[in-house]
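> I have a structure I would like to understand better, so I am pasting it below and will then ask my questions one at a time.
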Amino acid sequence: MSHRMGRKFDRHQILREKDPWVVARNVFDIALEFALLGYVDKATELYNLFESFASGCKTSWSPGLYFAWEATGLWPDSIPAEQRTPEALSKLETERILWKRSINETDEGLDKLIAAATGEGRIDAWGEPQLRADDLTVAIDLALFLDRREKALDILQIFADNFNLTWVDLSKSRQVWRYLKHHALARTIEVNEDKLEAFSKEVYETFKERLEKGGARELRNVSTKELVRMFNENTLKNAVWEEMEVDPDDPPDTILHEPATKEQIKELEERLGHDLPDDYKEFLSETNGLDSFWNGFFGEPKLLGTDDVQVFDATEQQEIWNEASVEIAFVTNMSVKVDWAILDRVILINDGGEESKFVWLVEPEYGQKLGASFFAAFSQLPPEEQAHVQKLLGYFHAGKESAAQVDWQVCVWSPHTLDLTSYQSFREYLEHLAGDTANKDILDEEDDQGRLMHSHDVFAYQLR
């Protein structure tokens, strides 16, 4: 899920997520896992819910959902007939699987594949099996092709034991879906049917609520003073200090600074040659900058104090995301290319950089130019495409009308992850960050029997 990581399904995080494209990718990942467990009907329900985003997310898909629909006949209405044909589906098959199957098409070849895929029982430096998930997928594909059902069951057990490492690769075998559709994997993992039913209902209702209502601003009515307190207390409580490059034996007592005085804020405005937004000045009056704070997975770069905030030319960064075709909020693969205004003047408010992220305040004058760039392209779209884009814009909490009413904005650019996010005010950005500080590290989460749940990768283990 973007540069932020957490549970594969987290109701709190999904309802707060600003970017519906991030939510859509999460939906399709979860749909694929439901399908792998044999619940293709539930996968199709989720797909239908976010079908408007399908074409934009398709490049990152596994072909697994198509193979699941072929195996069960549960095709969504939006998938055209020409994409359901055997010829079209054969083009989705992974060439490496077909090639390795053809050169190992004997019982002896199958045994060699299994040995290579499992590393013959060796364990890596992190205590994980030395599995080669792609070869393991070829092995189960070949076992089913040769009709060696007992071998296929043995391999499926390896997938079940290492599902967090192998689930995407497994989905790429067209052969295996005629087996998975009967809940074979769910039985092997020992998924509890009642837990899965309750979970699937919660998943569907959560994503439906997010789609219909937009990203929730649950901290909208919390004071800035309280938000700042949350940053501090949650970071001190939840941070994994090694992930923040802090000595765990000598953690900080606070990440807050002395409040900025009115004189310091006024001097900053004079130096920048522009008034600052009231919500940002209120933050500075509570803490004049902020040390690195926890976001649930690692530390965020510091927010600068009045002495260090500066005007920044973002032209070079803008060229990078244009060349990389980075998705920008409110841009939905339109047929008319947006000719964006140049961001040659933004206000840098954090100490991030190329290896972390930049946080910029964008002045209303520049924000209005960016908005005009988008709507100039939007106005040139044919009516049908305008209607489609209008629908997608509505999935943002602002929608088209609010998007045209531009004031101060916050732009967050992460070069390392090619992630670009905008917020319509500093206050909105602050709320989002404060909510993230409440997230706890879950990478070593265990169930009541001491088994790792891998809830950042898969949800199936939580349903045993």
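Ordered as shown in the structure tokens, chains take letters A, B, and onward, while each chain numbers its residues from 1 and ligands are numbered from 1 in the order shown.
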Skipping near chain neighbours, those fewer than 6 positions away, what residues fall within 10 Å of Leu65 of chain A using only C-alpha atoms, listed as an MDAnalysis selection string?
chainID A and resid 28:29 31:36 40 43:44 47 71 75 171:172 177
> Emit the selected residues as a compact mmCIF listing (two decimals), in the first residue's frame, including C-alpha atoms.

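Below you can see out_26.txt, which holds the result:
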```txt
# COMPACT_ATOMS: atom_id res chain seq x y z
CA PHE A 28 -7.48 -6.40 -6.01
CA ASP A 29 -4.75 -7.98 -3.83
CA ALA A 31 -9.66 -10.34 -4.08
CA LEU A 32 -6.84 -12.50 -5.45
CA GLU A 33 -6.22 -14.05 -2.03
CA PHE A 34 -9.93 -14.85 -1.62
CA ALA A 35 -9.83 -16.50 -5.04
CA LEU A 36 -6.76 -18.57 -4.14
CA VAL A 40 -13.96 -16.74 -6.21
CA ALA A 43 -13.27 -12.05 -5.10
CA THR A 44 -15.66 -11.14 -7.90
CA TYR A 47 -13.66 -6.65 -8.14
CA ALA A 71 -12.15 -22.05 -13.86
CA TRP A 75 -16.92 -13.61 -14.91
CA SER A 171 -1.82 -17.59 -8.78
CA LYS A 172 0.08 -17.53 -12.09
CA TRP A 177 -7.06 -23.04 -10.59
```
> Excluding segment 91-107 of chain A and its own-chain neighbours fewer than 3 positions away, which residues fall within 9 Å of it when counting only C-alpha atoms? Please give them as a list in words.
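Here the qualifying residues turn out to be Pro63, Tyr66, Phe67, Pro86, Glu87, Ala88, Leu110, Asp111, Lys112, Leu113, Asp134, Asp135, Thr137, Val138, Ala139, Asp141, Leu142, Ala143, Phe145, Leu146, Arg148, Lys172, Ser173 and Arg174 of chain A.
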> Write the residues of the preceding selection, restricted to N, CA and C atoms, as a PDB file, in the first residue's frame.

```pdb
ATOM      1  N   PRO A  63      -2.176 -12.544 -13.408  1.00  0.00           N
ATOM      2  CA  PRO A  63      -3.292 -13.002 -14.258  1.00  0.00           C
ATOM      3  C   PRO A  63      -4.250 -13.916 -13.514  1.00  0.00           C
ATOM      4  N   TYR A  66      -8.161 -13.715 -13.720  1.00  0.00           N
ATOM      5  CA  TYR A  66      -8.713 -14.193 -14.994  1.00  0.00           C
ATOM      6  C   TYR A  66      -8.772 -15.717 -15.020  1.00  0.00           C
ATOM      7  N   PHE A  67      -7.726 -16.370 -14.515  1.00  0.00           N
ATOM      8  CA  PHE A  67      -7.721 -17.834 -14.490  1.00  0.00           C
ATOM      9  C   PHE A  67      -8.784 -18.370 -13.516  1.00  0.00           C
ATOM     10  N   PRO A  86     -10.288 -18.741 -24.968  1.00  0.00           N
ATOM     11  CA  PRO A  86      -9.070 -19.524 -24.692  1.00  0.00           C
ATOM     12  C   PRO A  86      -7.821 -18.873 -25.274  1.00  0.00           C
ATOM     13  N   GLU A  87      -7.961 -18.231 -26.437  1.00  0.00           N
ATOM     14  CA  GLU A  87      -6.807 -17.592 -27.068  1.00  0.00           C
ATOM     15  C   GLU A  87      -6.309 -16.414 -26.228  1.00  0.00           C
ATOM     16  N   ALA A  88      -7.248 -15.605 -25.738  1.00  0.00           N
ATOM     17  CA  ALA A  88      -6.861 -14.449 -24.921  1.00  0.00           C
ATOM     18  C   ALA A  88      -6.235 -14.901 -23.613  1.00  0.00           C
ATOM     19  N   LEU A 110       9.883 -33.854 -12.378  1.00  0.00           N
ATOM     20  CA  LEU A 110       9.065 -33.270 -11.320  1.00  0.00           C
ATOM     21  C   LEU A 110       9.794 -33.303  -9.989  1.00  0.00           C
ATOM     22  N   ASP A 111      10.430 -34.434  -9.681  1.00  0.00           N
ATOM     23  CA  ASP A 111      11.176 -34.550  -8.425  1.00  0.00           C
ATOM     24  C   ASP A 111      12.329 -33.548  -8.366  1.00  0.00           C
ATOM     25  N   LYS A 112      13.009 -33.341  -9.496  1.00  0.00           N
ATOM     26  CA  LYS A 112      14.112 -32.376  -9.534  1.00  0.00           C
ATOM     27  C   LYS A 112      13.592 -30.956  -9.312  1.00  0.00           C
ATOM     28  N   LEU A 113      12.442 -30.660  -9.882  1.00  0.00           N
ATOM     29  CA  LEU A 113      11.855 -29.334  -9.701  1.00  0.00           C
ATOM     30  C   LEU A 113      11.514 -29.079  -8.237  1.00  0.00           C
ATOM     31  N   ASP A 134       8.711 -19.431  -7.714  1.00  0.00           N
ATOM     32  CA  ASP A 134       8.387 -19.624  -9.128  1.00  0.00           C
ATOM     33  C   ASP A 134       8.571 -21.077  -9.558  1.00  0.00           C
ATOM     34  N   ASP A 135       9.652 -21.725  -9.074  1.00  0.00           N
ATOM     35  CA  ASP A 135       9.852 -23.139  -9.404  1.00  0.00           C
ATOM     36  C   ASP A 135       8.821 -24.024  -8.709  1.00  0.00           C
ATOM     37  N   THR A 137       5.793 -23.195  -8.167  1.00  0.00           N
ATOM     38  CA  THR A 137       4.588 -23.059  -8.994  1.00  0.00           C
ATOM     39  C   THR A 137       4.663 -23.958 -10.221  1.00  0.00           C
ATOM     40  N   VAL A 138       5.828 -23.996 -10.857  1.00  0.00           N
ATOM     41  CA  VAL A 138       6.007 -24.897 -12.007  1.00  0.00           C
ATOM     42  C   VAL A 138       5.804 -26.343 -11.568  1.00  0.00           C
ATOM     43  N   ALA A 139       6.277 -26.667 -10.360  1.00  0.00           N
ATOM     44  CA  ALA A 139       6.179 -28.048  -9.875  1.00  0.00           C
ATOM     45  C   ALA A 139       4.723 -28.471  -9.694  1.00  0.00           C
ATOM     46  N   ASP A 141       2.142 -27.097 -11.070  1.00  0.00           N
ATOM     47  CA  ASP A 141       1.538 -27.051 -12.398  1.00  0.00           C
ATOM     48  C   ASP A 141       1.827 -28.351 -13.154  1.00  0.00           C
ATOM     49  N   LEU A 142       3.076 -28.803 -13.081  1.00  0.00           N
ATOM     50  CA  LEU A 142       3.469 -30.028 -13.763  1.00  0.00           C
ATOM     51  C   LEU A 142       2.814 -31.255 -13.126  1.00  0.00           C
ATOM     52  N   ALA A 143       2.745 -31.283 -11.794  1.00  0.00           N
ATOM     53  CA  ALA A 143       2.122 -32.424 -11.113  1.00  0.00           C
ATOM     54  C   ALA A 143       0.670 -32.581 -11.542  1.00  0.00           C
ATOM     55  N   PHE A 145      -0.582 -31.385 -14.376  1.00  0.00           N
ATOM     56  CA  PHE A 145      -0.539 -31.705 -15.810  1.00  0.00           C
ATOM     57  C   PHE A 145      -0.311 -33.200 -16.025  1.00  0.00           C
ATOM     58  N   LEU A 146       0.547 -33.807 -15.169  1.00  0.00           N
ATOM     59  CA  LEU A 146       0.838 -35.243 -15.261  1.00  0.00           C
ATOM     60  C   LEU A 146      -0.184 -36.089 -14.503  1.00  0.00           C
ATOM     61  N   ARG A 148      -0.549 -36.254 -11.248  1.00  0.00           N
ATOM     62  CA  ARG A 148       0.053 -36.835 -10.047  1.00  0.00           C
ATOM     63  C   ARG A 148      -0.550 -36.115  -8.839  1.00  0.00           C
ATOM     64  N   LYS A 172      -0.279 -17.654 -10.675  1.00  0.00           N
ATOM     65  CA  LYS A 172       0.078 -17.525 -12.088  1.00  0.00           C
ATOM     66  C   LYS A 172      -0.059 -18.825 -12.871  1.00  0.00           C
ATOM     67  N   SER A 173      -0.263 -19.938 -12.176  1.00  0.00           N
ATOM     68  CA  SER A 173      -0.441 -21.221 -12.860  1.00  0.00           C
ATOM     69  C   SER A 173      -1.901 -21.374 -13.290  1.00  0.00           C
ATOM     70  N   ARG A 174      -2.109 -21.490 -14.587  1.00  0.00           N
ATOM     71  CA  ARG A 174      -3.481 -21.669 -15.086  1.00  0.00           C
ATOM     72  C   ARG A 174      -4.022 -23.033 -14.704  1.00  0.00           C
TER      73      ARG A 174
END
```
> My list of candidates is A:Val228, A:Phe53, A:Glu323, A:Glu243. Which is closest to Val389 of chain A when distances are computed with only C-alpha atoms?
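Among the listed residues, the smallest separation from Val389 of chain A belongs to A:Phe53.
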> Given only C-alpha atoms, how would the per-residue table for segment 168-284 of chain A near segment 364-369 of chain A read, listing every residue at most 12 Å away with its closest atom pair and distance in Å to one decimal, sorted by chain and number, as a Markdown table?

```
| residue | atom | partner | partner_atom | distance |
| --- | --- | --- | --- | --- |
| A:His274 | CA | A:Pro364 | CA | 10.5 |
| A:Asp275 | CA | A:Pro364 | CA | 10.7 |
| A:Leu276 | CA | A:Pro364 | CA | 10.3 |
| A:Pro277 | CA | A:Pro364 | CA | 9.8 |
```
> Would you put the residues from that selection into a file with C-alpha atoms, as a PDB file, in the first residue's frame?

```pdb
ATOM      1  CA  HIS A 274       4.495  35.289   1.392  1.00  0.00           C
ATOM      2  CA  ASP A 275       1.994  34.902   4.224  1.00  0.00           C
ATOM      3  CA  LEU A 276       1.702  31.358   5.603  1.00  0.00           C
ATOM      4  CA  PRO A 277      -1.557  29.435   6.117  1.00  0.00           C
TER       5      PRO A 277
END
```
> Please, which residues of segment 162-320 of chain A, numbered as in this document, come out strand (DSSP E or B) from DSSP, as a PyMOL selection string?
chain A and resi 256+290+293-294+299-300+303+310-312
> Would you list the contacts of segment 183-190 of chain A as a PyMOL selection string, taking every protein, DNA or RNA residue within 8 Å and counting only C-alpha atoms, but skipping same-chain residues closer than 2 positions in sequence?
chain A and resi 36-39+156-157+160-161+179-181+192+460-461+464
> Pick the closest to Asn234 of chain A from A:Lys302, A:Lys8, A:Lys440, A:Arg16: which is it, counting only C-alpha atoms?
A:Lys440
> For Phe312 of chain A, find every residue with an atom within 8 Å (counting only C-alpha atoms), except residues of its own chain fewer than 4 positions away, and show them as a PyMOL selection string.
chain A and resi 344-348
> Write the selection just made, keeping C-alpha atoms, as an mmCIF file, in the first residue's frame?

```cif
data_model
loop_
_atom_site.group_PDB
_atom_site.id
_atom_site.type_symbol
_atom_site.label_atom_id
_atom_site.label_comp_id
_atom_site.auth_asym_id
_atom_site.auth_seq_id
_atom_site.Cartn_x
_atom_site.Cartn_y
_atom_site.Cartn_z
ATOM 1 C CA ASP A 344 9.626 26.256 -9.624
ATOM 2 C CA ARG A 345 8.664 27.709 -6.237
ATOM 3 C CA VAL A 346 7.443 25.608 -3.305
ATOM 4 C CA ILE A 347 8.131 25.880 0.418
ATOM 5 C CA LEU A 348 10.182 22.982 1.812
#
```
> Can you pull out the residues contacting Ile442 of chain A? Cut-off 10 Å, using only C-alpha atoms, and skip same-chain residues under 5 positions away; I want them as a PyMOL selection string.
chain A and resi 5-7+296-297+452-456
> Given the choices A:Asp419, A:Glu108, A:Glu267, A:Glu17, which gets closest to Trp321 of chain A if the distance is worked out from only C-alpha atoms?
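Smallest distance to Trp321 of chain A is found for A:Asp419.
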> A:Asp407, A:Glu263, A:Asp444, A:Glu70: which is nearest Asp278 of chain A, counting only C-alpha atoms?
A:Asp407
> Pick out the residues sitting within 7 Å of segment 353-357 of chain A, and hand them over as a list in words; count only C-alpha atoms, and ignore anything fewer than 4 positions along from it in its own chain.
Val412, Trp413, Ser414, Pro415 and His416 of chain A
> Based on the selection just made, write C-alpha atoms of those residues as a PDB file, in the first residue's frame.

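Below is the file that was written, part_5.pdb:
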```pdb
ATOM      1  CA  VAL A 412       4.577  14.874  -0.637  1.00  0.00           C
ATOM      2  CA  TRP A 413       7.045  13.425  -3.147  1.00  0.00           C
ATOM      3  CA  SER A 414       8.918  10.191  -2.393  1.00  0.00           C
ATOM      4  CA  PRO A 415      11.537   9.673  -5.139  1.00  0.00           C
ATOM      5  CA  HIS A 416      12.568   6.273  -3.795  1.00  0.00           C
TER       6      HIS A 416
END
```
> Tell me, as a list in words, which residues lie within 12 Å of Ser52 of chain A, counting only C-alpha atoms; anything in the same chain fewer than 6 positions away does not count.
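The neighbour list is Pro20, Trp21, Ala24, Arg25, Leu46, Lys58, Ser78, Ile79, Leu211, Thr332, Asn333, Ala387, His388, Val389, Gln390, Lys391, Leu392, Leu393, Gly394 and Tyr395 of chain A.
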